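Take a look at the structure set out below.
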Amino acid sequence: MKLTANEMGLQQLQPMFEAISYVAEYVEPDAMNHVQRVSDYARFVAEYVLEWDSEETTRLALAALLHDVGKTTIPRELLLRPGALTADERVYIRQHAHHGFNIIENVERTLVTNQIAFDETLFSYAKQVALYHHENFDGSGYPEGKAGNDIPMVARVVKMVDVIDALMSVRPYKTAWPWKSTRDELRRLAGSQFDPHLVDGLLHEEEEFIQLLASTHHKVSESLVLGAAR
Ligand SMILES: [Fe+2]
Ligand SMILES: [Fe+2]
């Protein structure tokens, strides 16, 4: 398949986005696998649910890699500590959304200053994802309490797939959930945390999505996925 000039531009940016995401996530065990899975799941939603073209799909997949880039500003002791956080600590950690936006904007500014051509839409998506991936569909999220269609679509997608991977992964405070429970949780939170159209769309493509979950480079163990379909 022949790539357009823009698609090549996007491919060249991929190693840079992966490198930045690695720096951001090194503090958490399994973090690089997490961002890669979130990126793959976001790509799946863009392709199968939103039916975006390959350029837009790639942009979302790359932007998703940087969703938590702002966590570089949060001490790792705080991120890794099991147990409940105080209200102040929660406020502090929530700032990673703004920090992420600022970091990506700084990279963008450097490219502009040095007159290096880049894909502006990609950077716009990456900033939207970093800033708004903790907004809830009903307006109860952070940092701005945006609701519904005011939340950029790219952030609504990453919000959903980030939670899917968090639920299906081991964390200091929880075990890994099987797909079946994760799917029930998606349904339960459709319309409050998640865009209900995205939840419906994903569950409509459930068989395909389970194949992605089970594919070998994902660290989600087979036992979690098996028996998941019904
Ligand atoms: Fe985050
Ligand atoms: Fe995440």
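Residues are referred to by chain and number: the chain letter is A, B, ... according to the order shown in the structure tokens, the number counts from 1 in that chain, and ligands are numbered separately from 1 in the order shown.
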
Worksheet item: Counting only C-alpha atoms and all ligand atoms, which protein, DNA or RNA residues come within 8 Å of ligand 2, given as a PyMOL selection string?
Response: chain A and resi 34-35+38+67-68+162-163+165-166

Writing out the chosen residues with N, CA, C and O atoms as a PDB file, in the first residue's frame:
```
ATOM      1  N   HIS A  34       1.106  -0.886  29.382  1.00  0.00           N
ATOM      2  CA  HIS A  34      -0.190  -0.207  29.537  1.00  0.00           C
ATOM      3  C   HIS A  34      -0.400   0.827  28.431  1.00  0.00           C
ATOM      4  O   HIS A  34      -1.436   0.820  27.771  1.00  0.00           O
ATOM      5  N   VAL A  35       0.561   1.701  28.208  1.00  0.00           N
ATOM      6  CA  VAL A  35       0.342   2.742  27.188  1.00  0.00           C
ATOM      7  C   VAL A  35       0.212   2.122  25.804  1.00  0.00           C
ATOM      8  O   VAL A  35      -0.579   2.588  24.979  1.00  0.00           O
ATOM      9  N   VAL A  38      -3.311   0.744  25.630  1.00  0.00           N
ATOM     10  CA  VAL A  38      -4.274   1.840  25.506  1.00  0.00           C
ATOM     11  C   VAL A  38      -4.258   2.377  24.070  1.00  0.00           C
ATOM     12  O   VAL A  38      -5.298   2.654  23.476  1.00  0.00           O
ATOM     13  N   HIS A  67      -1.151   9.896  26.902  1.00  0.00           N
ATOM     14  CA  HIS A  67      -2.250  10.365  27.760  1.00  0.00           C
ATOM     15  C   HIS A  67      -1.790  10.742  29.163  1.00  0.00           C
ATOM     16  O   HIS A  67      -2.321  11.670  29.753  1.00  0.00           O
ATOM     17  N   ASP A  68      -0.803  10.024  29.699  1.00  0.00           N
ATOM     18  CA  ASP A  68      -0.357  10.316  31.072  1.00  0.00           C
ATOM     19  C   ASP A  68       1.035  10.932  31.117  1.00  0.00           C
ATOM     20  O   ASP A  68       1.724  10.813  32.128  1.00  0.00           O
ATOM     21  N   ASP A 162      -8.612   3.514  28.559  1.00  0.00           N
ATOM     22  CA  ASP A 162      -7.702   3.600  29.708  1.00  0.00           C
ATOM     23  C   ASP A 162      -8.311   2.859  30.898  1.00  0.00           C
ATOM     24  O   ASP A 162      -7.630   2.085  31.583  1.00  0.00           O
ATOM     25  N   VAL A 163      -9.595   3.070  31.132  1.00  0.00           N
ATOM     26  CA  VAL A 163     -10.271   2.390  32.243  1.00  0.00           C
ATOM     27  C   VAL A 163     -10.358   0.882  31.965  1.00  0.00           C
ATOM     28  O   VAL A 163     -10.142   0.071  32.868  1.00  0.00           O
ATOM     29  N   ASP A 165      -8.252  -0.968  30.372  1.00  0.00           N
ATOM     30  CA  ASP A 165      -6.970  -1.608  30.671  1.00  0.00           C
ATOM     31  C   ASP A 165      -6.645  -1.563  32.160  1.00  0.00           C
ATOM     32  O   ASP A 165      -6.059  -2.509  32.692  1.00  0.00           O
ATOM     33  N   ALA A 166      -7.034  -0.477  32.820  1.00  0.00           N
ATOM     34  CA  ALA A 166      -6.791  -0.397  34.270  1.00  0.00           C
ATOM     35  C   ALA A 166      -7.566  -1.502  35.000  1.00  0.00           C
ATOM     36  O   ALA A 166      -7.030  -2.176  35.877  1.00  0.00           O
TER      37      ALA A 166
END
```

Worksheet entry | Surrounding residues of Ala63 (chain A) excluding itself and chain neighbours under 5 positions, 12 Å, only C-alpha atoms, as a PyMOL selection string | chain A and resi 10+13-14+16-18+20-21+35-36+38-40+42-43+56-58+68-69+100-101+104+119-131+133+154-155+157-158

With N, CA and C atoms retained, could you export that selection as a compact mmCIF listing (two decimals), in the first residue's frame?
```
# COMPACT_ATOMS: atom_id res chain seq x y z
N LEU A 10 3.41 10.93 9.94
CA LEU A 10 2.90 10.34 11.18
C LEU A 10 3.77 9.18 11.62
N LEU A 13 6.85 10.22 13.30
CA LEU A 13 6.65 10.75 14.65
C LEU A 13 6.44 9.65 15.68
N GLN A 14 6.12 8.44 15.21
CA GLN A 14 5.80 7.37 16.15
C GLN A 14 6.93 7.08 17.16
N MET A 16 9.18 9.00 18.29
CA MET A 16 9.29 10.10 19.24
C MET A 16 8.18 10.02 20.29
N PHE A 17 6.97 9.74 19.84
CA PHE A 17 5.87 9.63 20.79
C PHE A 17 6.07 8.45 21.73
N GLU A 18 6.59 7.34 21.20
CA GLU A 18 6.83 6.17 22.06
C GLU A 18 7.90 6.48 23.10
N ILE A 20 8.73 9.43 24.33
CA ILE A 20 8.21 10.34 25.36
C ILE A 20 7.31 9.58 26.32
N SER A 21 6.48 8.69 25.78
CA SER A 21 5.56 7.97 26.65
C SER A 21 6.34 7.05 27.59
N VAL A 35 0.56 1.70 28.21
CA VAL A 35 0.34 2.74 27.19
C VAL A 35 0.21 2.12 25.80
N GLN A 36 0.97 1.05 25.57
CA GLN A 36 0.87 0.39 24.26
C GLN A 36 -0.52 -0.22 24.07
N VAL A 38 -3.31 0.74 25.63
CA VAL A 38 -4.27 1.84 25.51
C VAL A 38 -4.26 2.38 24.07
N SER A 39 -3.07 2.50 23.52
CA SER A 39 -2.94 2.96 22.14
C SER A 39 -3.60 1.98 21.16
N ASP A 40 -3.36 0.70 21.37
CA ASP A 40 -3.95 -0.32 20.48
C ASP A 40 -5.48 -0.34 20.60
N ALA A 42 -7.36 2.16 21.56
CA ALA A 42 -7.87 3.41 20.97
C ALA A 42 -7.91 3.28 19.44
N ARG A 43 -6.87 2.66 18.89
CA ARG A 43 -6.84 2.43 17.44
C ARG A 43 -8.04 1.56 17.01
N GLU A 56 -6.49 9.35 10.49
CA GLU A 56 -7.10 9.77 11.74
C GLU A 56 -6.91 8.70 12.83
N THR A 57 -7.04 7.44 12.40
CA THR A 57 -6.87 6.33 13.33
C THR A 57 -5.45 6.33 13.91
N THR A 58 -4.47 6.55 13.03
CA THR A 58 -3.08 6.59 13.49
C THR A 58 -2.84 7.76 14.43
N ASP A 68 -0.80 10.02 29.70
CA ASP A 68 -0.36 10.32 31.07
C ASP A 68 1.04 10.93 31.12
N VAL A 69 1.43 11.60 30.04
CA VAL A 69 2.78 12.17 30.01
C VAL A 69 2.99 13.15 31.16
N GLY A 100 0.50 17.47 31.41
CA GLY A 100 0.63 16.74 30.15
C GLY A 100 0.39 17.65 28.96
N PHE A 101 -0.68 18.44 29.06
CA PHE A 101 -0.98 19.40 28.00
C PHE A 101 0.22 20.33 27.78
N ILE A 104 3.30 18.64 26.03
CA ILE A 104 3.10 18.44 24.59
C ILE A 104 3.13 19.79 23.85
N ASP A 119 2.75 17.29 12.00
CA ASP A 119 1.31 17.11 11.81
C ASP A 119 0.57 17.86 12.94
N GLU A 120 -0.01 18.99 12.60
CA GLU A 120 -0.63 19.83 13.63
C GLU A 120 -1.84 19.16 14.27
N THR A 121 -2.59 18.41 13.46
CA THR A 121 -3.77 17.72 14.02
C THR A 121 -3.36 16.70 15.06
N LEU A 122 -2.26 16.00 14.80
CA LEU A 122 -1.77 15.02 15.77
C LEU A 122 -1.49 15.70 17.11
N PHE A 123 -0.80 16.84 17.07
CA PHE A 123 -0.48 17.52 18.33
C PHE A 123 -1.74 18.05 19.00
N SER A 124 -2.68 18.49 18.20
CA SER A 124 -3.95 18.94 18.77
C SER A 124 -4.66 17.79 19.48
N TYR A 125 -4.68 16.62 18.85
CA TYR A 125 -5.29 15.44 19.49
C TYR A 125 -4.53 15.06 20.77
N ALA A 126 -3.21 15.08 20.69
CA ALA A 126 -2.41 14.68 21.86
C ALA A 126 -2.68 15.61 23.05
N LYS A 127 -2.81 16.91 22.77
CA LYS A 127 -3.09 17.87 23.85
C LYS A 127 -4.50 17.64 24.43
N GLN A 128 -5.46 17.37 23.54
CA GLN A 128 -6.84 17.11 24.00
C GLN A 128 -6.89 15.86 24.87
N VAL A 129 -6.18 14.82 24.44
CA VAL A 129 -6.17 13.57 25.19
C VAL A 129 -5.52 13.77 26.56
N ALA A 130 -4.36 14.43 26.58
CA ALA A 130 -3.65 14.64 27.85
C ALA A 130 -4.51 15.45 28.82
N LEU A 131 -5.18 16.47 28.31
CA LEU A 131 -5.93 17.37 29.19
C LEU A 131 -7.27 16.77 29.64
N HIS A 133 -8.53 13.36 29.40
CA HIS A 133 -8.80 11.91 29.48
C HIS A 133 -9.37 11.48 30.83
N VAL A 154 -11.57 12.34 20.88
CA VAL A 154 -10.34 11.58 21.13
C VAL A 154 -10.15 11.32 22.62
N ALA A 155 -10.55 12.29 23.45
CA ALA A 155 -10.42 12.12 24.90
C ALA A 155 -11.48 11.16 25.43
N VAL A 157 -12.64 8.61 23.85
CA VAL A 157 -12.17 7.26 23.51
C VAL A 157 -11.08 6.81 24.49
N VAL A 158 -10.10 7.67 24.72
CA VAL A 158 -8.98 7.27 25.58
C VAL A 158 -9.46 7.06 27.01
```

Picked from region 44-204 of chain A by DSSP as helix (DSSP H, G or I), as a PDB file with C-alpha atoms, in the first residue's frame:
```pdb
ATOM      1  CA  PHE A  44      -9.441  -0.343  17.524  1.00  0.00           C
ATOM      2  CA  VAL A  45     -12.232   2.054  18.570  1.00  0.00           C
ATOM      3  CA  ALA A  46     -11.230   4.592  15.912  1.00  0.00           C
ATOM      4  CA  GLU A  47     -11.198   1.922  13.223  1.00  0.00           C
ATOM      5  CA  TYR A  48     -14.122  -0.338  14.144  1.00  0.00           C
ATOM      6  CA  VAL A  49     -16.468   1.917  16.108  1.00  0.00           C
ATOM      7  CA  SER A  54      -6.227   5.346   8.511  1.00  0.00           C
ATOM      8  CA  GLU A  55      -4.623   8.764   9.071  1.00  0.00           C
ATOM      9  CA  GLU A  56      -7.096   9.770  11.743  1.00  0.00           C
ATOM     10  CA  THR A  57      -6.867   6.331  13.331  1.00  0.00           C
ATOM     11  CA  THR A  58      -3.080   6.586  13.492  1.00  0.00           C
ATOM     12  CA  ARG A  59      -3.288  10.063  14.997  1.00  0.00           C
ATOM     13  CA  LEU A  60      -5.509   8.826  17.807  1.00  0.00           C
ATOM     14  CA  ALA A  61      -3.279   5.792  18.431  1.00  0.00           C
ATOM     15  CA  LEU A  62      -0.213   8.050  18.737  1.00  0.00           C
ATOM     16  CA  ALA A  63      -1.992  10.662  20.848  1.00  0.00           C
ATOM     17  CA  ALA A  64      -3.135   7.905  23.228  1.00  0.00           C
ATOM     18  CA  LEU A  65       0.518   6.997  23.924  1.00  0.00           C
ATOM     19  CA  VAL A  69       2.785  12.166  30.006  1.00  0.00           C
ATOM     20  CA  GLY A  70       2.019  14.698  32.747  1.00  0.00           C
ATOM     21  CA  LYS A  71       2.706  12.046  35.394  1.00  0.00           C
ATOM     22  CA  THR A  72       6.434  12.797  34.969  1.00  0.00           C
ATOM     23  CA  THR A  73       5.746  15.702  37.305  1.00  0.00           C
ATOM     24  CA  ARG A  76       6.740   8.066  41.954  1.00  0.00           C
ATOM     25  CA  GLU A  77       6.293   7.329  45.687  1.00  0.00           C
ATOM     26  CA  LEU A  78       2.887   8.903  45.416  1.00  0.00           C
ATOM     27  CA  LEU A  79       1.938   7.084  42.209  1.00  0.00           C
ATOM     28  CA  LEU A  80       3.026   3.672  43.478  1.00  0.00           C
ATOM     29  CA  ALA A  87      -7.763  14.842  49.396  1.00  0.00           C
ATOM     30  CA  ASP A  88      -4.669  17.030  48.894  1.00  0.00           C
ATOM     31  CA  GLU A  89      -2.750  14.197  47.241  1.00  0.00           C
ATOM     32  CA  ARG A  90      -5.671  13.561  44.908  1.00  0.00           C
ATOM     33  CA  VAL A  91      -5.759  17.223  43.879  1.00  0.00           C
ATOM     34  CA  TYR A  92      -2.002  17.095  43.330  1.00  0.00           C
ATOM     35  CA  ILE A  93      -2.127  13.981  41.121  1.00  0.00           C
ATOM     36  CA  ARG A  94      -4.993  15.442  39.117  1.00  0.00           C
ATOM     37  CA  HIS A  96      -1.018  15.624  35.636  1.00  0.00           C
ATOM     38  CA  ALA A  97      -3.705  16.477  33.063  1.00  0.00           C
ATOM     39  CA  HIS A  98      -2.617  20.118  32.796  1.00  0.00           C
ATOM     40  CA  HIS A  99       1.063  19.205  33.012  1.00  0.00           C
ATOM     41  CA  GLY A 100       0.631  16.739  30.148  1.00  0.00           C
ATOM     42  CA  PHE A 101      -0.979  19.403  27.997  1.00  0.00           C
ATOM     43  CA  ASN A 102       1.883  21.806  28.763  1.00  0.00           C
ATOM     44  CA  ILE A 103       4.589  19.247  27.993  1.00  0.00           C
ATOM     45  CA  ILE A 104       3.096  18.443  24.587  1.00  0.00           C
ATOM     46  CA  GLU A 105       2.609  22.132  23.860  1.00  0.00           C
ATOM     47  CA  ASN A 106       6.279  22.740  24.666  1.00  0.00           C
ATOM     48  CA  VAL A 107       7.381  20.034  22.237  1.00  0.00           C
ATOM     49  CA  GLU A 108       5.111  21.576  19.619  1.00  0.00           C
ATOM     50  CA  ARG A 109       6.531  25.043  20.268  1.00  0.00           C
ATOM     51  CA  THR A 110      10.075  23.725  19.852  1.00  0.00           C
ATOM     52  CA  LEU A 111       9.172  22.238  16.479  1.00  0.00           C
ATOM     53  CA  VAL A 112       7.595  25.540  15.399  1.00  0.00           C
ATOM     54  CA  THR A 113      10.585  27.571  16.609  1.00  0.00           C
ATOM     55  CA  GLU A 120      -0.633  19.835  13.630  1.00  0.00           C
ATOM     56  CA  THR A 121      -3.772  17.723  14.016  1.00  0.00           C
ATOM     57  CA  LEU A 122      -1.772  15.022  15.773  1.00  0.00           C
ATOM     58  CA  PHE A 123      -0.482  17.520  18.330  1.00  0.00           C
ATOM     59  CA  SER A 124      -3.949  18.945  18.765  1.00  0.00           C
ATOM     60  CA  TYR A 125      -5.288  15.439  19.487  1.00  0.00           C
ATOM     61  CA  ALA A 126      -2.414  14.676  21.858  1.00  0.00           C
ATOM     62  CA  LYS A 127      -3.092  17.865  23.852  1.00  0.00           C
ATOM     63  CA  GLN A 128      -6.838  17.114  24.004  1.00  0.00           C
ATOM     64  CA  VAL A 129      -6.170  13.567  25.189  1.00  0.00           C
ATOM     65  CA  ALA A 130      -3.650  14.639  27.847  1.00  0.00           C
ATOM     66  CA  LEU A 131      -5.935  17.369  29.190  1.00  0.00           C
ATOM     67  CA  TYR A 132      -9.325  15.673  29.040  1.00  0.00           C
ATOM     68  CA  GLY A 148     -21.029  15.102  26.656  1.00  0.00           C
ATOM     69  CA  ASN A 149     -19.990  16.312  23.248  1.00  0.00           C
ATOM     70  CA  ASP A 150     -17.995  19.187  24.792  1.00  0.00           C
ATOM     71  CA  MET A 153     -14.006  12.631  20.925  1.00  0.00           C
ATOM     72  CA  VAL A 154     -10.336  11.583  21.128  1.00  0.00           C
ATOM     73  CA  ALA A 155     -10.416  12.118  24.901  1.00  0.00           C
ATOM     74  CA  ARG A 156     -13.725  10.249  25.267  1.00  0.00           C
ATOM     75  CA  VAL A 157     -12.167   7.255  23.507  1.00  0.00           C
ATOM     76  CA  VAL A 158      -8.984   7.275  25.580  1.00  0.00           C
ATOM     77  CA  LYS A 159     -10.981   7.698  28.791  1.00  0.00           C
ATOM     78  CA  MET A 160     -12.875   4.478  28.014  1.00  0.00           C
ATOM     79  CA  VAL A 161      -9.948   2.336  26.887  1.00  0.00           C
ATOM     80  CA  ASP A 162      -7.702   3.600  29.708  1.00  0.00           C
ATOM     81  CA  VAL A 163     -10.271   2.390  32.243  1.00  0.00           C
ATOM     82  CA  ILE A 164     -10.686  -0.927  30.383  1.00  0.00           C
ATOM     83  CA  ASP A 165      -6.970  -1.608  30.671  1.00  0.00           C
ATOM     84  CA  ALA A 166      -6.791  -0.397  34.270  1.00  0.00           C
ATOM     85  CA  LEU A 167      -9.627  -2.754  35.259  1.00  0.00           C
ATOM     86  CA  TRP A 179     -13.337  -9.125  30.389  1.00  0.00           C
ATOM     87  CA  LYS A 180     -16.823 -10.238  31.449  1.00  0.00           C
ATOM     88  CA  SER A 181     -16.749  -8.075  34.603  1.00  0.00           C
ATOM     89  CA  THR A 182     -15.058  -5.253  32.729  1.00  0.00           C
ATOM     90  CA  ARG A 183     -17.799  -5.324  30.117  1.00  0.00           C
ATOM     91  CA  ASP A 184     -20.480  -5.199  32.849  1.00  0.00           C
ATOM     92  CA  GLU A 185     -18.715  -2.203  34.372  1.00  0.00           C
ATOM     93  CA  LEU A 186     -18.626  -0.429  30.993  1.00  0.00           C
ATOM     94  CA  ARG A 187     -22.367  -0.938  30.673  1.00  0.00           C
ATOM     95  CA  ARG A 188     -22.957   0.260  34.222  1.00  0.00           C
ATOM     96  CA  LEU A 189     -20.960   3.446  33.676  1.00  0.00           C
ATOM     97  CA  PRO A 196     -22.787   5.618  25.806  1.00  0.00           C
ATOM     98  CA  HIS A 197     -22.426   5.532  22.010  1.00  0.00           C
ATOM     99  CA  LEU A 198     -18.807   4.439  22.357  1.00  0.00           C
ATOM    100  CA  VAL A 199     -19.748   1.726  24.863  1.00  0.00           C
ATOM    101  CA  ASP A 200     -22.532   0.458  22.592  1.00  0.00           C
ATOM    102  CA  GLY A 201     -20.233   0.599  19.578  1.00  0.00           C
ATOM    103  CA  LEU A 202     -17.460  -1.309  21.315  1.00  0.00           C
ATOM    104  CA  LEU A 203     -19.779  -4.006  22.638  1.00  0.00           C
ATOM    105  CA  HIS A 204     -21.241  -4.347  19.166  1.00  0.00           C
TER     106      HIS A 204
END
```

Worksheet item: Can you tell me how far atom 1 (Fe, counted along the ligand's line) of ligand 1 sits from CA of His134 (chain A), in Å to one decimal?
Response: 6.3 Å

Worksheet item: For the atom pair CA of Leu212 (chain A) and CA of Asn33 (chain A), what is the interatomic distance in Å to one decimal place?
Response: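 Those two atoms sit 14.1 Å apart.
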
Worksheet, complete the sentence: Restricting to only C-alpha atoms and all ligand atoms, whichever of A:Ala19, A:Ile74, A:Ala214, A:Leu50 is closest to ligand 1 is A:Ile74
